2 protein chains.
Amino acid sequence: MAVEIKELTSRSDNYAQWYNDLVLKADLAENSAVRGCMVIKPYGYAIWEKIQRQLDDMFKETGHVNAYFPLFIPKSFLSREANHVEGFAKECAVVTHYRLKNDPSGKGVVVDPEARLEEELIVRPTSETIIWSTYKNWIQSYRDLPILCNQWANVVRWEMRTRLFLRTAEFLWQEGHTAHATRDEAEEETRRMLNVYADFVENYMAVPVLKGVKTASERFAGAVDTYCIEALMQDGKALQAGTSHFLGQNFAKAFDVQFLDKEGKRDYVWATSWGVSTRLMGALIMAHSDDNGLVLPPNLAPFHIVIIPIYKNDEQLALINVRIESIVDELKSLGVSVKYDNSQNKKPGWKFAEYELKGVPVRLAMGGRDMENDTIEIARRDTLTKETVSIDGIGARIKILLADIQKNIYQKALNFRASKTITVETYDEFKQKIEDGGFIFAHWDGTPETEALIKEETKATIRCIPLDSDTTPGRCMVTGKPSVQRVVFARSY
Amino acid sequence: MAVEIKELTSRSDNYAQWYNDLVLKADLAENSAVRGCMVIKPYGYAIWEKIQRQLDDMFKETGHVNAYFPLFIPKSFLSREANHVEGFAKECAVVTHYRLKNDPSGKGVVVDPEARLEEELIVRPTSETIIWSTYKNWIQSYRDLPILCNQWANVVRWEMRTRLFLRTAEFLWQEGHTAHATRDEAEEETRRMLNVYADFVENYMAVPVLKGVKTASERFAGAVDTYCIEALMQDGKALQAGTSHFLGQNFAKAFDVQFLDKEGKRDYVWATSWGVSTRLMGALIMAHSDDNGLVLPPNLAPFHIVIIPIYKNDEQLALINVRIESIVDELKSLGVSVKYDNSQNKKPGWKFAEYELKGVPVRLAMGGRDMENDTIEIARRDTLTKETVSIDGIGARIKILLADIQKNIYQKALNFRASKTITVETYDEFKQKIEDGGFIFAHWDGTPETEALIKEETKATIRCIPLDSDTTPGRCMVTGKPSVQRVVFARSY
């Protein structure tokens with residue numbers, strides 16, 4: 001019986017517009033006065049805080065500590081690693097001056113030409129260079145290793161076309177940067193963090209992911225190998241949700257970071273880096289939400305339950321308030337977060353629609369008849385179903401319900417992905433099927449030329465060479481040359 | 001029985017050097033390759049995380065929510081509020097370009113002159129302007145008020161002389177920005193947050209503070225009133241630990257933010273802003289630490305207890321490990337955080353000195369005789385005293401001890417401040433006493449001229465016009481003109 005949210009475009013009408021409407025109407029984020037930079041609004045930020053807290057706990061459980069490195073990177077540092085600078089130079093915000101002065105014309109302020117920096121500073125697009133220049137002073141021998149640091153920070157990449165959460169000039173993220181004595185240990189760390197990300201995205205965001213390795217052309221600038229998790233959105237496009245890079249000794253060599261091993265031999269240090277960003281918010285929104293608004297998995301919802309009283313007059317409201325108070329206490333004691341909205345300036349129907357739009361997992365409503373019968377109405381956001389139940393034992397029931405919703409949202413996304421994942425044998429079939437969206441498993445000859453041709457002709461990219469997947473060899477669908485295993489194609493965000 | 005930390009300068013030899021040594025040696029922070037920007041190392045950052053978590057809880061308890069606003073501020077926004085731009089223009093990092101390109105000479109990269117921004121962007125020194133330009137779209141009527149947002153962020157002020165934590169070009173902070181329908185409500189909020197800060201600094205950092213109002217010349221650029229908390233360091237210098245600003249309608253007018261009140265009349269919105277920063281780390285370090293290193297109050301220590309085994313051989317260590325395990329479990333179950341350092345590559349004496357340097361509140365040590373007698377040695381970091389006690393009931397004992405240490409550290413700082421707080425009647429006495437450091441309560445005629453003269457002649461500033469203090473009128477110590485109440489002078493950081 002939801003009141004229609006007229007302002008929200010439907011997914012089938014225009015998926016991109018639906019997404020943008022939803023981000024705005026659900027008060028998650030908005031564009032700012034600064035091109036490409038967003039304002040993350042309180043409700044959106046509350047979800048991001050939940051994401052942060054959970055990931056931070058998982059990083060600490062796996063032995064990592066947080067630290068903070070400078071926002072600025074001297075221009076010369078970026079150039080040290082050839083592929084790295086190639087990858088980031090074209091989208092750098094550059095600080096050239098450190099002072100303003102009054103405009104001689106009397107209007108406002110101008111940049112003071114006398115306050116020019118000797119060397120320009122780049123607002124970090126990622127922190128490998130400033131961090132490895134620091135690690136050089138921290139590392140002398142194998143006893144100083146491993147270093148397992150993470151940083152929560154803002155970064156800037158001057159993107160020309162931006163979309164809220166998905167691609168913004170400034171975004172928030174975490175970047176782990178680890179240093180190791182051996183190649184094996186660094187590779188193990190790279191995979192460990194990929195698994196942490198997969199665990200988080202599947203079990204908290206309720207979004208199933210494919211784990212894999214990027215092809216050379218999709219690799220992080222400066223990495224030896226880039227591992228990734230790829231999720232599928234409801235429009236059939238893939239979204240890269242997190243990456244974990246094995247950096248080899250590239251940055252250690254660029255910044256001359258050597259250590260003495262147990263045998264007293266000098267070697268360059270092995271490195272990894274790994275990150276997820278506010279882009280995860282985009283994945284969370286697009287994976288589950290519907291034409292009524294957000295659908296949030298209970299594990300990341302700012303509050304699990306909203307309770308709405310339905311009353312004829314102040315006396316009845318007063319009675320309901322008393323009854324609800326004990327329910328709120330019971331729920332809170334069970335670790336369930338609750339918002340009781342008995343504000344009098346909004347009608348129940350408006351509230352129903354509003355909290356549906358905001359994706360609150362469960363809505364409880366209590367009216368006069370419920371008071372008489374000692375019942376309450378429970379509505380699930382994920383299935384939009386409702387039932388009237390006894391108040392007795394409501395706490396235990398809600399706990400079970402929340403776990404069920406978490407599981408159901410994941411299962412629904414998993415079923416959707418299964419329905420949109422296919423295997424093709426020929427390039428003709430590929431070109432036809434890619435129009436339907438989804439993941440396509442196909443054979444590829446391993447060359448960047450074939451990869452580029454497919455991208456050019458179909459706008460599909462190789463999302464990853466999947467791990468834990470069928471490794472039967474075959475023949476490239478385009479060239480017929482040998483293929484080691486099928487890779488995953490999709491159009492993507 | 002502490003091993004001497006030879007590298008740490010003593011406070012009496014050179015207080016400034018002692019501070020810098022301590023920050024470096026205790027692994028709190030270090031200077032980076034970027035002028036004026038620091039690297040906050042994991043141990044320092046762990047303390048900052050404790051500070052953040054506690055403050056964040058207190059902000060939420062007082063009804064605030066977190067949000068995130070852009071790092072960059074269009075240059076023209078800064079100019080909108082005349083005092084504001086006057087205050088910040090001289091220390092702004094300015095982004096002028098958004099792309100690098102290969103140096104035509106083939107060496108590295110240069111700024112691409114074709115990628116010049118139409119309008120320069122300022123790296124936020126504080127966010128009033130970008131936030132009030134955003135609030136304009138959020139506020140139409142009194143129903144949209146109050147807005148109670150906080151932001152955790154990095155900011156940049158191009159300071160010429162920097163010191164780790166105390167004054168750095170980039171620093172981490174939180175900035176609250178609230179919007180209200182009435183002047184009274186905004187003023188109440190300003191004072192509420194001052195009290196939250198005082199509560200935090202006194203009860204968590206264990207540093208007593210004076211609450212007061214700044215004089216006009218020390219006010220935040222753009223504020224009507226700046227409230228502050230002032231702490232006293234061991235060298236007798238004051239440190240401003242937090243500020244809460246009543247901004248009146250200044251920013252609402254600068255960004256034309258009006259609302260319809262209950263009577264349907266339009267008015268400008270009333271504002272506050274308030275912030276504390278990583279500077280608090282400097283206050284925490286300087287207020288309590290000694291020539292052996294850091295002294296951390298238990299409420300903010302990354303871990304409360306370190307346990308060190310003293311053993312002759314591997315068999316004995318194995319026995320001690322088993323005994324300690326149950327102690328660790330007991331402590332953890334009581335919410336006490338413990339580090340058991342049984343690493344074999346360092347001697348107990350080295351460990352004693354290291355954890356003393358790092359300010360761990362309590363050290364437990366267990367050797368062969370303790371195993372025989374079922375005892376353990378407890379050493380307090382604050383008093384450097386130790387005793388051997390029965391293991392029986394160790395958990396409860398430690399809980400009481402930690403509370404006692406927290407209280408004792410505060411009391412010690414309070415006693416120190418009392419010993420360094422005086423009242424003077426004449427300017428001659430003032431000039432003599434100010435050399436000893438500390439807070440001086442004296443009468444002042446309320447004019448900026450007298451304030452400037454005193455600063456010029458003595459390097460002392462008015463730290464605040466104290467609240468909750470003696471308000472007996474008198475005569476200015478310099479001019480003999482009437483004074484409403486005594487104000488607090490000090491030399492300061």
# chains A, B, ... in the order shown; residues from 1 in each chain; ligands from 1

$ closest_atom_pairs --of "chain B" --to "chain A" --cutoff "8 Å" --atoms "only C-alpha atoms" --output "CSV"
residue,atom,partner,partner_atom,distance
B:Ser32,CA,A:Thr134,CA,7.2
B:Ala33,CA,A:Ile130,CA,7.8
B:Val34,CA,A:Pro74,CA,6.8
B:Cys37,CA,A:Pro70,CA,5.9
B:Met38,CA,A:Pro70,CA,6.4
B:Val39,CA,A:Phe69,CA,4.8
B:Ile40,CA,A:Tyr68,CA,4.9
B:Lys41,CA,A:Ala67,CA,5.2
B:Pro42,CA,A:Ala67,CA,4.7
B:Gly44,CA,A:Ala67,CA,8.0
B:Tyr45,CA,A:Ala67,CA,5.5
B:Ala46,CA,A:Asn66,CA,7.1
B:Val65,CA,A:Pro42,CA,6.1
B:Asn66,CA,A:Pro42,CA,5.6
B:Ala67,CA,A:Pro42,CA,4.7
B:Tyr68,CA,A:Ile40,CA,4.9
B:Phe69,CA,A:Val39,CA,4.8
B:Pro70,CA,A:Cys37,CA,5.9
B:Leu71,CA,A:Glu170,CA,7.5
B:Phe72,CA,A:Val34,CA,7.0
B:Ile73,CA,A:Val34,CA,7.0
B:Pro74,CA,A:Val34,CA,6.8
B:Lys75,CA,A:Val109,CA,7.6
B:Ser76,CA,A:Gly108,CA,7.0
B:Ser79,CA,A:Gly108,CA,5.4
B:Ala89,CA,A:Leu100,CA,4.9
B:Lys90,CA,A:Arg99,CA,4.9
B:Glu91,CA,A:Arg99,CA,5.3
B:Cys92,CA,A:Arg99,CA,4.9
B:Ala93,CA,A:Tyr98,CA,4.4
B:Val94,CA,A:His97,CA,5.2
B:Val95,CA,A:Val95,CA,4.2
B:Thr96,CA,A:Val95,CA,6.3
B:His97,CA,A:Val94,CA,5.2
B:Tyr98,CA,A:Ala93,CA,4.4
B:Arg99,CA,A:Lys90,CA,4.9
B:Leu100,CA,A:Ala89,CA,4.9
B:Lys101,CA,A:Ala89,CA,6.4
B:Gly108,CA,A:Ser79,CA,5.3
B:Val109,CA,A:Ser79,CA,6.6
B:Val111,CA,A:Val94,CA,7.6
B:Ile130,CA,A:Ala33,CA,7.7
B:Ser133,CA,A:Ala33,CA,7.7
B:Thr134,CA,A:Ser32,CA,7.1
B:Cys149,CA,A:Pro42,CA,7.6
B:Trp158,CA,A:Tyr98,CA,6.4
B:Glu170,CA,A:Pro70,CA,7.4

$ residues_around --residues "A:Gly367" --least-positions-apart "6" --cutoff "7 Å" --atoms "only C-alpha atoms" --output "list in words"
Pro309, Ile310 and Tyr311 of chain A

$ residues_around --residues "A:Glu449" --least-positions-apart "3" --cutoff "12 Å" --atoms "only C-alpha atoms" --output "ChimeraX atom specification"
/A:215-217,444-446,452-456,478-479

$ atom_distance --atom1 "atom CA of B:Thr278" --atom2 "atom CA of B:Leu194"
17.2 Å

$ closest_residue --among "A:Asn292, A:Thr458, A:Asn408, A:Thr450" --to "A:Lys431" --atoms "only C-alpha atoms"
A:Thr458

$ residues_around --residues "B:Gln316" --least-positions-apart "4" --cutoff "12 Å" --atoms "only C-alpha atoms" --output "ChimeraX atom specification"
/B:309-312,320-323,342,366-372

$ write_last_selection --atoms "N, CA and C atoms" --output "mmCIF file, in the first residue's frame"
data_model
loop_
_atom_site.group_PDB
_atom_site.id
_atom_site.type_symbol
_atom_site.label_atom_id
_atom_site.label_comp_id
_atom_site.auth_asym_id
_atom_site.auth_seq_id
_atom_site.Cartn_x
_atom_site.Cartn_y
_atom_site.Cartn_z
ATOM 1 N N PRO B 309 57.398 -11.337 29.653
ATOM 2 C CA PRO B 309 57.913 -12.514 30.364
ATOM 3 C C PRO B 309 59.425 -12.376 30.590
ATOM 4 N N ILE B 310 59.885 -12.836 31.754
ATOM 5 C CA ILE B 310 61.324 -12.825 32.040
ATOM 6 C C ILE B 310 61.744 -14.275 32.285
ATOM 7 N N TYR B 311 62.529 -14.791 31.386
ATOM 8 C CA TYR B 311 62.762 -16.249 31.385
ATOM 9 C C TYR B 311 64.219 -16.564 31.103
ATOM 10 N N LYS B 312 64.599 -17.759 31.584
ATOM 11 C CA LYS B 312 65.989 -18.192 31.404
ATOM 12 C C LYS B 312 66.150 -19.064 30.174
ATOM 13 N N ILE B 320 55.554 -19.878 31.302
ATOM 14 C CA ILE B 320 55.027 -18.516 31.523
ATOM 15 C C ILE B 320 53.931 -18.205 30.498
ATOM 16 N N ASN B 321 54.149 -18.596 29.240
ATOM 17 C CA ASN B 321 53.139 -18.363 28.197
ATOM 18 C C ASN B 321 51.774 -18.903 28.607
ATOM 19 N N VAL B 322 51.776 -20.123 29.154
ATOM 20 C CA VAL B 322 50.518 -20.750 29.555
ATOM 21 C C VAL B 322 49.856 -19.945 30.672
ATOM 22 N N ARG B 323 50.679 -19.540 31.658
ATOM 23 C CA ARG B 323 50.131 -18.794 32.791
ATOM 24 C C ARG B 323 49.584 -17.448 32.338
ATOM 25 N N ASN B 342 56.057 -11.515 23.978
ATOM 26 C CA ASN B 342 57.016 -12.576 24.274
ATOM 27 C C ASN B 342 57.978 -12.802 23.104
ATOM 28 N N MET B 366 56.428 -11.079 34.460
ATOM 29 C CA MET B 366 56.389 -12.341 35.187
ATOM 30 C C MET B 366 57.672 -13.129 34.934
ATOM 31 N N GLY B 367 58.329 -13.507 36.045
ATOM 32 C CA GLY B 367 59.554 -14.290 35.941
ATOM 33 C C GLY B 367 59.408 -15.614 36.670
ATOM 34 N N GLY B 368 60.542 -16.329 36.831
ATOM 35 C CA GLY B 368 60.528 -17.655 37.448
ATOM 36 C C GLY B 368 60.002 -17.621 38.876
ATOM 37 N N ARG B 369 60.444 -16.660 39.666
ATOM 38 C CA ARG B 369 60.005 -16.605 41.059
ATOM 39 C C ARG B 369 58.510 -16.301 41.140
ATOM 40 N N ASP B 370 58.035 -15.441 40.236
ATOM 41 C CA ASP B 370 56.595 -15.148 40.207
ATOM 42 C C ASP B 370 55.804 -16.424 39.933
ATOM 43 N N MET B 371 56.311 -17.239 39.017
ATOM 44 C CA MET B 371 55.629 -18.503 38.700
ATOM 45 C C MET B 371 55.518 -19.373 39.958
ATOM 46 N N GLU B 372 56.624 -19.433 40.702
ATOM 47 C CA GLU B 372 56.619 -20.233 41.933
ATOM 48 C C GLU B 372 55.619 -19.711 42.950
#

$ closest_residue --among "B:Arg380, B:His288, B:Arg163, B:Arg486" --to "B:Gly212" --atoms "only C-alpha atoms"
B:Arg486

$ select_by_dssp --residues "stretch 157-249 of chain B" --states "helix (DSSP H, G or I)" --output "ChimeraX atom specification"
/B:183-203,216-218

$ write_last_selection --atoms "N, CA and C atoms" --output "PDB file, in the first residue's frame"
ATOM      1  N   ARG B 183      18.826  32.995  17.007  1.00  0.00           N
ATOM      2  CA  ARG B 183      20.108  33.363  17.581  1.00  0.00           C
ATOM      3  C   ARG B 183      20.378  32.596  18.877  1.00  0.00           C
ATOM      4  N   ASP B 184      19.348  32.507  19.721  1.00  0.00           N
ATOM      5  CA  ASP B 184      19.515  31.828  21.005  1.00  0.00           C
ATOM      6  C   ASP B 184      19.929  30.379  20.828  1.00  0.00           C
ATOM      7  N   GLU B 185      19.255  29.735  19.879  1.00  0.00           N
ATOM      8  CA  GLU B 185      19.544  28.314  19.670  1.00  0.00           C
ATOM      9  C   GLU B 185      20.977  28.124  19.178  1.00  0.00           C
ATOM     10  N   ALA B 186      21.423  29.011  18.304  1.00  0.00           N
ATOM     11  CA  ALA B 186      22.798  28.900  17.789  1.00  0.00           C
ATOM     12  C   ALA B 186      23.814  29.172  18.894  1.00  0.00           C
ATOM     13  N   GLU B 187      23.518  30.148  19.734  1.00  0.00           N
ATOM     14  CA  GLU B 187      24.445  30.435  20.833  1.00  0.00           C
ATOM     15  C   GLU B 187      24.491  29.279  21.829  1.00  0.00           C
ATOM     16  N   GLU B 188      23.340  28.672  22.049  1.00  0.00           N
ATOM     17  CA  GLU B 188      23.288  27.520  22.946  1.00  0.00           C
ATOM     18  C   GLU B 188      24.125  26.374  22.377  1.00  0.00           C
ATOM     19  N   GLU B 189      24.009  26.157  21.064  1.00  0.00           N
ATOM     20  CA  GLU B 189      24.791  25.106  20.403  1.00  0.00           C
ATOM     21  C   GLU B 189      26.297  25.393  20.526  1.00  0.00           C
ATOM     22  N   THR B 190      26.674  26.643  20.335  1.00  0.00           N
ATOM     23  CA  THR B 190      28.095  27.028  20.438  1.00  0.00           C
ATOM     24  C   THR B 190      28.641  26.638  21.804  1.00  0.00           C
ATOM     25  N   ARG B 191      27.869  26.953  22.851  1.00  0.00           N
ATOM     26  CA  ARG B 191      28.317  26.637  24.214  1.00  0.00           C
ATOM     27  C   ARG B 191      28.236  25.134  24.500  1.00  0.00           C
ATOM     28  N   ARG B 192      27.210  24.475  23.943  1.00  0.00           N
ATOM     29  CA  ARG B 192      27.087  23.021  24.151  1.00  0.00           C
ATOM     30  C   ARG B 192      28.336  22.309  23.643  1.00  0.00           C
ATOM     31  N   MET B 193      28.806  22.698  22.439  1.00  0.00           N
ATOM     32  CA  MET B 193      29.951  22.009  21.865  1.00  0.00           C
ATOM     33  C   MET B 193      31.243  22.383  22.590  1.00  0.00           C
ATOM     34  N   LEU B 194      31.322  23.621  23.107  1.00  0.00           N
ATOM     35  CA  LEU B 194      32.466  23.973  23.945  1.00  0.00           C
ATOM     36  C   LEU B 194      32.511  23.033  25.155  1.00  0.00           C
ATOM     37  N   ASN B 195      31.344  22.783  25.732  1.00  0.00           N
ATOM     38  CA  ASN B 195      31.294  21.895  26.898  1.00  0.00           C
ATOM     39  C   ASN B 195      31.621  20.443  26.543  1.00  0.00           C
ATOM     40  N   VAL B 196      31.201  20.013  25.357  1.00  0.00           N
ATOM     41  CA  VAL B 196      31.560  18.664  24.901  1.00  0.00           C
ATOM     42  C   VAL B 196      33.088  18.570  24.788  1.00  0.00           C
ATOM     43  N   TYR B 197      33.700  19.578  24.201  1.00  0.00           N
ATOM     44  CA  TYR B 197      35.168  19.578  24.072  1.00  0.00           C
ATOM     45  C   TYR B 197      35.844  19.555  25.449  1.00  0.00           C
ATOM     46  N   ALA B 198      35.354  20.402  26.353  1.00  0.00           N
ATOM     47  CA  ALA B 198      35.965  20.467  27.688  1.00  0.00           C
ATOM     48  C   ALA B 198      35.824  19.119  28.393  1.00  0.00           C
ATOM     49  N   ASP B 199      34.641  18.521  28.271  1.00  0.00           N
ATOM     50  CA  ASP B 199      34.389  17.205  28.857  1.00  0.00           C
ATOM     51  C   ASP B 199      35.385  16.190  28.295  1.00  0.00           C
ATOM     52  N   PHE B 200      35.532  16.186  26.976  1.00  0.00           N
ATOM     53  CA  PHE B 200      36.448  15.234  26.346  1.00  0.00           C
ATOM     54  C   PHE B 200      37.896  15.459  26.794  1.00  0.00           C
ATOM     55  N   VAL B 201      38.346  16.691  26.725  1.00  0.00           N
ATOM     56  CA  VAL B 201      39.763  16.965  27.018  1.00  0.00           C
ATOM     57  C   VAL B 201      40.067  16.677  28.486  1.00  0.00           C
ATOM     58  N   GLU B 202      39.146  16.998  29.374  1.00  0.00           N
ATOM     59  CA  GLU B 202      39.398  16.747  30.791  1.00  0.00           C
ATOM     60  C   GLU B 202      39.256  15.270  31.150  1.00  0.00           C
ATOM     61  N   ASN B 203      38.218  14.617  30.655  1.00  0.00           N
ATOM     62  CA  ASN B 203      37.931  13.259  31.120  1.00  0.00           C
ATOM     63  C   ASN B 203      38.571  12.154  30.292  1.00  0.00           C
ATOM     64  N   ALA B 216      38.328  40.100  20.361  1.00  0.00           N
ATOM     65  CA  ALA B 216      38.052  40.337  18.936  1.00  0.00           C
ATOM     66  C   ALA B 216      39.253  40.011  18.061  1.00  0.00           C
ATOM     67  N   SER B 217      40.431  40.339  18.528  1.00  0.00           N
ATOM     68  CA  SER B 217      41.609  40.154  17.679  1.00  0.00           C
ATOM     69  C   SER B 217      42.015  38.689  17.531  1.00  0.00           C
ATOM     70  N   GLU B 218      41.519  37.839  18.412  1.00  0.00           N
ATOM     71  CA  GLU B 218      41.866  36.408  18.356  1.00  0.00           C
ATOM     72  C   GLU B 218      40.707  35.571  17.824  1.00  0.00           C
TER      73      GLU B 218
END

$ select_by_dssp --residues "stretch 144-272 of chain B" --states "strand (DSSP E)" --output "NGL selection string"
:B and (147-156 or 170-180 or 210-213 or 225-232 or 238-248 or 258-260 or 266-268 or 270-272)

$ write_last_selection --atoms "C-alpha atoms" --output "JSON list (two decimals), in the first residue's frame"
[["chain", "number", "residue", "atom", "x", "y", "z"],
["B", 147, "ILE", "CA", 20.96, 21.15, 10.58],
["B", 148, "LEU", "CA", 23.56, 19.53, 12.82],
["B", 149, "CYS", "CA", 26.36, 18.21, 10.60],
["B", 150, "ASN", "CA", 29.90, 17.25, 11.43],
["B", 151, "GLN", "CA", 32.69, 16.35, 9.04],
["B", 152, "TRP", "CA", 35.92, 14.43, 9.67],
["B", 153, "ALA", "CA", 38.41, 15.71, 7.12],
["B", 154, "ASN", "CA", 41.86, 16.92, 6.21],
["B", 155, "VAL", "CA", 42.48, 20.64, 5.77],
["B", 156, "VAL", "CA", 45.44, 22.68, 4.54],
["B", 170, "GLU", "CA", 47.95, 19.63, 6.33],
["B", 171, "PHE", "CA", 46.17, 18.41, 9.43],
["B", 172, "LEU", "CA", 43.27, 16.14, 10.28],
["B", 173, "TRP", "CA", 40.30, 17.50, 12.16],
["B", 174, "GLN", "CA", 36.56, 17.53, 12.58],
["B", 175, "GLU", "CA", 34.49, 20.55, 11.81],
["B", 176, "GLY", "CA", 30.89, 20.86, 12.96],
["B", 177, "HIS", "CA", 28.65, 23.20, 10.97],
["B", 178, "THR", "CA", 25.19, 23.84, 12.28],
["B", 179, "ALA", "CA", 22.27, 25.95, 11.08],
["B", 180, "HIS", "CA", 19.52, 27.30, 13.33],
["B", 210, "LEU", "CA", 39.94, 26.94, 31.03],
["B", 211, "LYS", "CA", 36.76, 27.79, 29.13],
["B", 212, "GLY", "CA", 36.38, 31.26, 27.79],
["B", 213, "VAL", "CA", 35.69, 33.67, 24.96],
["B", 225, "ASP", "CA", 32.16, 35.12, 18.98],
["B", 226, "THR", "CA", 34.82, 32.47, 19.37],
["B", 227, "TYR", "CA", 34.67, 30.27, 22.46],
["B", 228, "CYS", "CA", 37.73, 28.26, 23.34],
["B", 229, "ILE", "CA", 39.29, 25.84, 25.76],
["B", 230, "GLU", "CA", 42.85, 26.59, 26.84],
["B", 231, "ALA", "CA", 45.24, 24.08, 28.33],
["B", 232, "LEU", "CA", 48.61, 24.60, 30.03],
["B", 238, "ALA", "CA", 49.19, 27.74, 26.82],
["B", 239, "LEU", "CA", 47.73, 25.67, 24.03],
["B", 240, "GLN", "CA", 44.33, 26.34, 22.47],
["B", 241, "ALA", "CA", 42.78, 22.87, 22.40],
["B", 242, "GLY", "CA", 39.46, 23.55, 20.70],
["B", 243, "THR", "CA", 37.21, 26.34, 19.48],
["B", 244, "SER", "CA", 33.48, 26.75, 19.01],
["B", 245, "HIS", "CA", 32.28, 29.70, 16.97],
["B", 246, "PHE", "CA", 29.01, 31.59, 17.01],
["B", 247, "LEU", "CA", 28.91, 32.82, 13.41],
["B", 248, "GLY", "CA", 25.75, 34.92, 13.70],
["B", 258, "GLN", "CA", 17.18, 32.53, 4.18],
["B", 259, "PHE", "CA", 14.30, 30.59, 5.67],
["B", 260, "LEU", "CA", 10.59, 31.09, 6.34],
["B", 266, "ARG", "CA", 11.89, 35.44, 5.94],
["B", 267, "ASP", "CA", 15.12, 35.70, 7.89],
["B", 268, "TYR", "CA", 18.75, 34.69, 7.51],
["B", 270, "TRP", "CA", 21.99, 31.46, 12.30],
["B", 271, "ALA", "CA", 25.19, 29.45, 12.31],
["B", 272, "THR", "CA", 27.87, 27.83, 14.41]]

$ atom_distance --atom1 "atom CA of A:Ile465" --atom2 "atom CA of A:Gln485"
8.1 Å
